[in-house]
Amino acid sequence: MTRHRHPRLPHLLTALLTTLLTAGILTLPGLAAATDVGNFAPVTPDRALSFPRDFGAHPDYRTEWWYITGWLTDAQGRERGFQVTFFRSATGIGADNPSRFAPRQLLLAHAAIADPGSDHLRHAERAARVLPPLTGAEPTDTQVWIGDWTLRRTPNGGSSEDTYRTRIEADDFAFDLTLTPAGPPVLNGQAGFSQKSPNPQDASHYYSRPQLEVTGELRLVATGNGSEKGKGNSPAHRVTGRAWLDHEWSTAYLPEQAQGWDWIGINLHDGGSLMAYRMRRADDSTLWAGGTLLRPGQPKRVLGPDEICFTPRRHWQSPRTGTRYPVEWTLEIDDLRLRLRPLMDDQELDSRRSTQTIYWEGAVRVLKEGAAQDSAVETKPEPTEIGRGYLEMTGYWQRQSSL
Amino acid sequence: MTTILRHIFLANLWRRRLPTALSVLAIALGVALGLAVQLIHRGALDEFERGVRLLNGQADLQVLAGASGFDDSLYARIAQLPEVAAASPVLELSARLPGSRETLRILGVDVLRLGAVNPSLIPEPASAEDAPDLLATLREDALFLSPAAAKRLALKPGDTLTLQAGTEERQLRIAGRVPAAGVGQALAVMDIAGAQLQFSRIGVLTRIDLRLRDDRPPAQARDAIAAQLPPGLTVLPPAQAANESLGLTRAYRVNLTMLATIALLTGGFLVFSTQWLAVVRRRQELAFLRALGLTRAELWRGLLAEGALLGLLGGFIGAVLAYLLAALAFAAVGGDLGAGFFRGLSPQLSWQWLATLIYLALGVAAGLAGAWLPAREAARTAPAQALKAGDEAEAYRARPHWVATLGSLLLAALLCILPPLWGIPVFGYLAVLLILLAAILALPGVTQVLGGLRFGLAFATGPIPQLAQARLTAAPGQTVVAGAGVVASVALAASMAVMVDSFRGSVDDWLTRMLPADLYLRASDSSASGFLAPEQIAQVRALPGVRDIYPVRFDSVRLEAGAPAISLIARRIDGAGGLPLVAGHLQVTDTDRPPAWISEALADQRALHIGERLELPLGGDLQSFIIAGIWRDYARQHGSIVIRMDDYRALSGDALTNDLGLMLTPNAEPEMLMQAIRDTLGESVSEMILPGDLRAMILTIFDRTFLVTYLMEGIAVLIGLFGIATTFAALASSRRKEFGILRHLGLRRRDIGRLLGLEAALGALLAVIVGLVAGGGIAWVLIEVINRQSFHWSMDLAVPGGLLAVFASAMVLLAAGAARFAGAQAMRQDAVLAVREDW
């Protein structure tokens, strides 16, 4: 469906497609098909976001997702990355069908755990048509679920006091996490209108919840033990951490001009946050870029295409696929130079069997580079870690033409 | 021994080429028939089981209801139960292709749920290079065909298929394939919402496939799920659900196999006849061999080896024939031998080692069994005695076996009282074998008795009849030898003729009662997708020429959780026809509860009686009925219940109709009315038929069902005739000396011919009489024991007297003709030469 829409999209789509393809629904070439947009609500700059209504689902728009990424630390101090996505897609099918099974809306969920102690990414996915009470996405507040996989927001009085809770039960992992935001939603772009290409019609409504305080339980089933062991016997780890939630909905899609995309969402240790993305052309030049920077005590900065510079620093070649990924980056925003360093190099996701694509997505540390000109930053031989986040890179294996 | 074996015994078979060939052929026919039935049914059952596996996937349990399905709001409740790991809703229906009798089985599924429960049904969209569609499987008009369905309908992706829904037509797009469906399964998959919409089944499911969580005991989970189900629904493991269908075919299959076995038995009798005659003819030769040092055991083994070789040859030829027959049957009538059990399957012929070897062994066994008595007789005979001239007659001595005959009959009668084993009338088949045995044991006795009465031959005054009578009475063994095959084949053919005639007559009568109206209107012959709405019924009722209407609604119910589905028929009971009752009444005085009439099958299976209460799940509740009668239903072996249409509509709230019978005003023209109905309801979608045509159609199907039976009858008769021909050919040549003396005494060659013909006619007459009597007994066992126990239906005994009389006279005449023809060789021989042989 979309193609290099913006950084979040690729992954969500990949996940959706993984599931749909696993279920045998689609063949990859089908993804490029842009069907009629006319039946869905357009994204326009004059629609102001309003909460808590806009925490909920927007079924009039073609696509929508709630996307959580973050770091978890257990009692032994082991660090792991995690990710949960709920993706909604309006199909345009069955508008007049009185059947309760009419597939007007599909929901897809994808969950993953990046564990440096294990050699691969654990991930699982689900897809279903919206069919309450089995599967649904409430329009009034964040409450989406597919069976016992859930994401739900509970307002505790003011919006700054609210909490999210997500529960996932997969074959080889499970988690139950409570996520508490530090502040109100951060609106990306122009008050939540986020442009994705030089054409302002390619846009989404987009807000983020950075600096989510995470507490909860994580259970991992030792792999290779056989399935009969079950999650019930595996120990539950108490975990804490920091996470990031994006909620975005959109209808229109980008033309095919890009090879892939790079995206990050970073929680800074000083309480600030940074979201940045760029669309790459085939020659690695930037088609479009954007972002949002929040520093304590400073006003929010909305970053335009000219204000962000992504520079690859170190490549890692996958032994499985031979694909080379720029796993370390320098990110320059005006005078700020950040180094992105991965939790582990191998966070490649090989989904050729389902989506026929391969991409990299994973937890990264954010270091402040010494060469910065800002006098407020002390020059040290070792760069200091100033934040942690998630990095997503697509289009390095083959052109993401199908996405 | 091997050289002796080859030169003396096996070479002997070659010398008697014609009788050998006929024996081999008889055994081959029996083996071919039996093995072909086995191959065809195995092929069909394999495909059927593959289909069941395919449709059930990895489901642990299935929630099922009757044919009309259940409310789909149940799905969410079941899917949310803690015992359930995955639930997949299914709406299964068969849709008719307008303008043809063909139907297509369609499974409406939730593609996103299939992966967890039934991945082999996952549809695969055809790849379109220009504008691929990632939601292809969810589209409302997208139909995905299994390879077999695509082949049968000759459709490819992109084509359009028109199907009937109610009385309307729907255009569906062939969007791709169901690649994992297997080659033999003709079915289509589409999105469940699309299926509900297109076939007007909004809110209906027919099945929920469930996978259970590993951590709970399945029995407990099943109980928990069963507790959630409204009346009329059941939760079953898929294997059990499949057994319901397989059980139906088993009785039919066993019946045919048993009949084939009897055909093989007839082949064995023929081997007995030829071997006996061969032993008699070689009496002196064998005695010489004994005198030259061949031991008794060697002689015995050699003669048995002859029989075994006959059986082996017959078995081989029969096996080859069986595979040819099976291939032909698959191509011509389908895997169900015309019985209609396996619609929508295209079974493949496969090589079956075990069955082939078993039937080969049965062929050898028939040969050995046939050779057993002759070999014993030959081995027992003292060489000195046998070397004497004219000793052959010794071989035809036979004592009457009245005690054994009566004992067999008594045992057969006792076996008829016993109930079936595993639903198969094993004891009934044993009784049939015992009756055959008794008939053959009775042959010498009957020959003597009738001989004592001088065969009642008024003309038996001339020398030829007297000679013939003297011969038969003096050598009753000859009748046994010549007649054993005739008795078996006549008994078999006569019993089948009586049974089929009774059955056909009863079916005819049943149809008259079941189809009282002048004209029938049917939305579709597939119950799921075709129906008439009340408005349409009203439109038809209002047409000029329509005097009255008989609406019929078909549904199926389960009397309790876990029980098989039973057909429910709602129709008018009053007026012409009524119901073909075997017990009870149509008029019911008890107004407390509505009446229900149950079929014989249901009464047998569940031990229900008139006056008892019957709880039927209708409209989601249990409704109480009273059993007012038991009726004969040939259409539904699994059992059926008839209730009044008014009761059905009031209790279920369902106002739809499947079939509509029309009573016409006396002056109405059926053809004109049919045209008027077509104008009202549309041209191609409704099927109309006059009861006469329908009856002819059903009887055609009936006759096709008995095609195999007729085939077996024909073969049995053929084998019997072979028996007479070979026996008399051999008799004629073994009696050359006797004929020579008769020629010396002044009998002309023509007289010898007459003598042979008369002997054969008398022998055949005896065998035919005994065979007919035995056939009557077997027919009774078939009707009252075997059919009753296999299919739970009764029929009125009818004897096709004319047919049997013609058949019997033809057998006698053919026997006489065959004997004369076969004896021609002996009659041509020089009398002087023949007599000289002895000196």
# chains A, B, ... in the order shown; residues from 1 in each chain; ligands from 1

call {"tool": "interface_residues", "arguments": {"of": "chain B", "to": "chain A", "cutoff": "9 Å", "atoms": "only C-alpha atoms", "output": "number ranges by chain"}}
result
B: 72-73, 76-77, 79-80, 110-116, 119, 122-140, 191-194, 196-197, 201-203, 214-215

call {"tool": "residues_around", "arguments": {"residues": "stretch 235-237 of chain A", "least_positions_apart": "6", "cutoff": "8 Å", "atoms": "only C-alpha atoms", "output": "PyMOL selection string"}}
result
chain A and resi 74-75+217-220

call {"tool": "write_last_selection", "arguments": {"atoms": "C-alpha atoms", "output": "PDB file, in the first residue's frame"}}
result
ATOM      1  CA  ASP A  74      15.440  -6.311  34.405  1.00  0.00           C
ATOM      2  CA  ALA A  75      16.491  -6.850  38.036  1.00  0.00           C
ATOM      3  CA  GLU A 217       6.709  -8.096  33.548  1.00  0.00           C
ATOM      4  CA  LEU A 218       8.537  -9.792  30.728  1.00  0.00           C
ATOM      5  CA  ARG A 219       8.623 -13.533  30.163  1.00  0.00           C
ATOM      6  CA  LEU A 220      10.910 -15.232  27.697  1.00  0.00           C
TER       7      LEU A 220
END

call {"tool": "residues_around", "arguments": {"residues": "stretch 645-651 of chain B", "least_positions_apart": "2", "cutoff": "6 Å", "atoms": "only C-alpha atoms", "output": "PyMOL selection string"}}
result
chain B and resi 570-572+653-655

call {"tool": "atom_distance", "arguments": {"atom1": "atom CA of A:Leu293", "atom2": "atom CA of A:Ser197"}}
result
19.5 Å

call {"tool": "atom_distance", "arguments": {"atom1": "atom CA of A:Pro198", "atom2": "atom CA of A:Phe51"}}
result
28.7 Å

call {"tool": "closest_residue", "arguments": {"among": "B:Ala65, B:Ile440, B:Ala816, B:Ala181", "to": "B:Val557", "atoms": "only C-alpha atoms"}}
result
B:Ala65

call {"tool": "residues_around", "arguments": {"residues": "A:Arg47", "least_positions_apart": "4", "cutoff": "12 Å", "atoms": "only C-alpha atoms", "output": "number ranges by chain"}}
result
A: 41-43, 54, 190-194, 204-206

call {"tool": "write_last_selection", "arguments": {"atoms": "C-alpha atoms", "output": "mmCIF file, in the first residue's frame"}}
result
data_model
loop_
_atom_site.group_PDB
_atom_site.id
_atom_site.type_symbol
_atom_site.label_atom_id
_atom_site.label_comp_id
_atom_site.auth_asym_id
_atom_site.auth_seq_id
_atom_site.Cartn_x
_atom_site.Cartn_y
_atom_site.Cartn_z
ATOM 1 C CA ALA A 41 -11.146 11.406 4.984
ATOM 2 C CA PRO A 42 -8.242 13.594 3.756
ATOM 3 C CA VAL A 43 -5.508 14.859 6.051
ATOM 4 C CA ASP A 54 -7.853 11.908 19.143
ATOM 5 C CA GLN A 190 2.289 21.871 12.335
ATOM 6 C CA ALA A 191 0.172 21.207 15.416
ATOM 7 C CA GLY A 192 -0.066 17.522 14.504
ATOM 8 C CA PHE A 193 -0.154 17.932 10.707
ATOM 9 C CA SER A 194 2.974 16.131 9.533
ATOM 10 C CA SER A 204 -0.566 12.487 8.350
ATOM 11 C CA HIS A 205 -1.971 13.527 11.686
ATOM 12 C CA TYR A 206 0.798 12.623 14.096
#

call {"tool": "residues_around", "arguments": {"residues": "A:Gly290", "least_positions_apart": "4", "cutoff": "6 Å", "atoms": "only C-alpha atoms", "output": "PDB file with C-alpha atoms, in the first residue's frame"}}
result
ATOM      1  CA  ALA A 276      13.542  12.507  13.047  1.00  0.00           C
ATOM      2  CA  TYR A 277      12.988  10.795   9.709  1.00  0.00           C
ATOM      3  CA  LEU A 303      12.469  20.502  12.181  1.00  0.00           C
ATOM      4  CA  GLY A 304      12.156  21.017   8.437  1.00  0.00           C
ATOM      5  CA  PRO A 305      13.874  19.102   5.620  1.00  0.00           C
TER       6      PRO A 305
END

call {"tool": "atom_distance", "arguments": {"atom1": "atom CA of B:Ile627", "atom2": "atom CA of B:His609"}}
result
7.1 Å

call {"tool": "residues_around", "arguments": {"residues": "A:Glu392", "least_positions_apart": "5", "cutoff": "8 Å", "atoms": "only C-alpha atoms", "output": "ChimeraX atom specification"}}
result
/A:7,11,261-264,359-362

call {"tool": "select_by_dssp", "arguments": {"residues": "stretch 40-250 of chain A", "states": "strand (DSSP E or B)", "output": "MDAnalysis selection string"}}
result
chainID A and resid 63:74 79:90 105:114 121:129 131 135:137 143:146 149:156 158:169 173:180 186:187 190 193:195 203:220 236:250

call {"tool": "write_last_selection", "arguments": {"atoms": "C-alpha atoms", "output": "mmCIF file, in the first residue's frame"}}
result
data_model
loop_
_atom_site.group_PDB
_atom_site.id
_atom_site.type_symbol
_atom_site.label_atom_id
_atom_site.label_comp_id
_atom_site.auth_asym_id
_atom_site.auth_seq_id
_atom_site.Cartn_x
_atom_site.Cartn_y
_atom_site.Cartn_z
ATOM 1 C CA THR A 63 -4.556 3.886 7.908
ATOM 2 C CA GLU A 64 -3.658 4.420 11.513
ATOM 3 C CA TRP A 65 -1.193 3.063 14.005
ATOM 4 C CA TRP A 66 -0.178 3.108 17.636
ATOM 5 C CA TYR A 67 3.487 2.289 17.786
ATOM 6 C CA ILE A 68 5.486 1.754 20.982
ATOM 7 C CA THR A 69 9.257 1.230 21.089
ATOM 8 C CA GLY A 70 11.506 1.263 24.120
ATOM 9 C CA TRP A 71 14.194 -0.142 26.350
ATOM 10 C CA LEU A 72 13.642 -2.482 29.277
ATOM 11 C CA THR A 73 16.009 -3.293 32.172
ATOM 12 C CA ASP A 74 15.440 -6.311 34.405
ATOM 13 C CA GLU A 79 18.839 -4.455 28.849
ATOM 14 C CA ARG A 80 16.500 -5.390 26.034
ATOM 15 C CA GLY A 81 14.585 -3.540 23.363
ATOM 16 C CA PHE A 82 10.878 -4.047 22.807
ATOM 17 C CA GLN A 83 8.279 -2.944 20.348
ATOM 18 C CA VAL A 84 4.476 -3.172 20.054
ATOM 19 C CA THR A 85 2.430 -1.918 17.144
ATOM 20 C CA PHE A 86 -1.294 -1.857 16.521
ATOM 21 C CA PHE A 87 -2.124 -0.970 12.969
ATOM 22 C CA ARG A 88 -5.566 -0.235 11.618
ATOM 23 C CA SER A 89 -6.457 -0.298 7.940
ATOM 24 C CA ALA A 90 -9.763 0.688 6.352
ATOM 25 C CA GLN A 105 -11.578 -2.420 9.102
ATOM 26 C CA LEU A 106 -8.589 -4.666 9.659
ATOM 27 C CA LEU A 107 -6.394 -4.608 12.731
ATOM 28 C CA LEU A 108 -2.879 -5.865 12.868
ATOM 29 C CA ALA A 109 -0.526 -6.162 15.784
ATOM 30 C CA HIS A 110 3.193 -6.775 15.797
ATOM 31 C CA ALA A 111 5.420 -7.308 18.821
ATOM 32 C CA ALA A 112 9.159 -7.905 19.133
ATOM 33 C CA ILE A 113 11.870 -8.288 21.769
ATOM 34 C CA ALA A 114 15.531 -7.485 21.002
ATOM 35 C CA LEU A 121 14.911 -10.939 17.277
ATOM 36 C CA ARG A 122 11.834 -12.561 18.794
ATOM 37 C CA HIS A 123 8.731 -11.385 17.077
ATOM 38 C CA ALA A 124 5.095 -12.301 16.597
ATOM 39 C CA GLU A 125 2.111 -10.865 14.835
ATOM 40 C CA ARG A 126 -1.648 -11.073 14.572
ATOM 41 C CA ALA A 127 -4.238 -9.819 12.153
ATOM 42 C CA ALA A 128 -8.016 -9.805 12.282
ATOM 43 C CA ARG A 129 -11.011 -7.982 10.957
ATOM 44 C CA LEU A 131 -15.287 -7.733 15.145
ATOM 45 C CA THR A 135 -11.101 -7.429 17.851
ATOM 46 C CA GLY A 136 -11.636 -3.692 17.993
ATOM 47 C CA ALA A 137 -10.360 -0.147 18.055
ATOM 48 C CA GLN A 143 -8.202 1.034 23.263
ATOM 49 C CA VAL A 144 -7.192 -1.429 20.602
ATOM 50 C CA TRP A 145 -7.093 -5.204 20.854
ATOM 51 C CA ILE A 146 -6.870 -8.419 18.903
ATOM 52 C CA TRP A 149 -3.258 -8.660 22.728
ATOM 53 C CA THR A 150 -4.261 -5.256 24.005
ATOM 54 C CA LEU A 151 -3.207 -1.618 24.224
ATOM 55 C CA ARG A 152 -5.290 0.638 26.392
ATOM 56 C CA ARG A 153 -5.013 4.145 27.829
ATOM 57 C CA THR A 154 -6.466 4.941 31.238
ATOM 58 C CA PRO A 155 -7.014 8.618 31.957
ATOM 59 C CA ASN A 156 -6.115 9.350 35.579
ATOM 60 C CA GLY A 158 -5.490 15.118 33.746
ATOM 61 C CA SER A 159 -3.846 14.061 30.535
ATOM 62 C CA SER A 160 -0.412 14.290 32.087
ATOM 63 C CA GLU A 161 -1.403 11.696 34.615
ATOM 64 C CA ASP A 162 -2.691 9.086 32.201
ATOM 65 C CA THR A 163 -1.186 5.609 31.749
ATOM 66 C CA TYR A 164 -1.056 3.049 28.951
ATOM 67 C CA ARG A 165 -1.064 -0.678 29.432
ATOM 68 C CA THR A 166 -0.166 -3.236 26.838
ATOM 69 C CA ARG A 167 -0.286 -6.999 27.061
ATOM 70 C CA ILE A 168 1.145 -9.417 24.524
ATOM 71 C CA GLU A 169 1.196 -13.239 24.637
ATOM 72 C CA PHE A 173 7.704 -14.294 24.791
ATOM 73 C CA ALA A 174 5.072 -12.368 26.653
ATOM 74 C CA PHE A 175 4.916 -9.027 28.378
ATOM 75 C CA ASP A 176 2.529 -6.940 30.396
ATOM 76 C CA LEU A 177 3.729 -3.355 30.613
ATOM 77 C CA THR A 178 2.371 -0.158 32.132
ATOM 78 C CA LEU A 179 3.610 3.023 30.456
ATOM 79 C CA THR A 180 3.236 6.429 32.092
ATOM 80 C CA VAL A 186 3.821 16.165 21.645
ATOM 81 C CA LEU A 187 2.268 17.253 18.364
ATOM 82 C CA GLN A 190 2.289 21.871 12.335
ATOM 83 C CA PHE A 193 -0.154 17.932 10.707
ATOM 84 C CA SER A 194 2.974 16.131 9.533
ATOM 85 C CA GLN A 195 4.019 16.552 5.922
ATOM 86 C CA ALA A 203 0.696 13.999 5.130
ATOM 87 C CA SER A 204 -0.566 12.487 8.350
ATOM 88 C CA HIS A 205 -1.971 13.527 11.686
ATOM 89 C CA TYR A 206 0.798 12.623 14.096
ATOM 90 C CA TYR A 207 1.509 13.013 17.784
ATOM 91 C CA SER A 208 4.063 11.310 20.035
ATOM 92 C CA ARG A 209 4.197 10.352 23.699
ATOM 93 C CA PRO A 210 7.923 10.396 24.498
ATOM 94 C CA GLN A 211 9.530 9.614 27.840
ATOM 95 C CA LEU A 212 7.102 6.883 28.845
ATOM 96 C CA GLU A 213 8.030 5.402 32.215
ATOM 97 C CA VAL A 214 7.742 1.624 31.875
ATOM 98 C CA THR A 215 7.100 -0.944 34.616
ATOM 99 C CA GLY A 216 5.885 -4.475 34.213
ATOM 100 C CA GLU A 217 6.709 -8.096 33.548
ATOM 101 C CA LEU A 218 8.537 -9.792 30.728
ATOM 102 C CA ARG A 219 8.623 -13.533 30.163
ATOM 103 C CA LEU A 220 10.910 -15.232 27.697
ATOM 104 C CA ALA A 236 8.741 -13.581 34.847
ATOM 105 C CA HIS A 237 11.255 -10.728 34.883
ATOM 106 C CA ARG A 238 10.299 -7.528 36.638
ATOM 107 C CA VAL A 239 11.322 -4.857 34.209
ATOM 108 C CA THR A 240 11.507 -1.054 34.119
ATOM 109 C CA GLY A 241 12.446 1.217 31.281
ATOM 110 C CA ARG A 242 11.676 4.063 28.939
ATOM 111 C CA ALA A 243 9.533 3.944 25.867
ATOM 112 C CA TRP A 244 8.056 6.037 23.113
ATOM 113 C CA LEU A 245 4.555 5.960 21.650
ATOM 114 C CA ASP A 246 3.569 7.307 18.250
ATOM 115 C CA HIS A 247 -0.016 7.620 17.111
ATOM 116 C CA GLU A 248 -0.526 8.547 13.509
ATOM 117 C CA TRP A 249 -3.370 8.377 11.007
ATOM 118 C CA SER A 250 -3.475 9.182 7.362
#
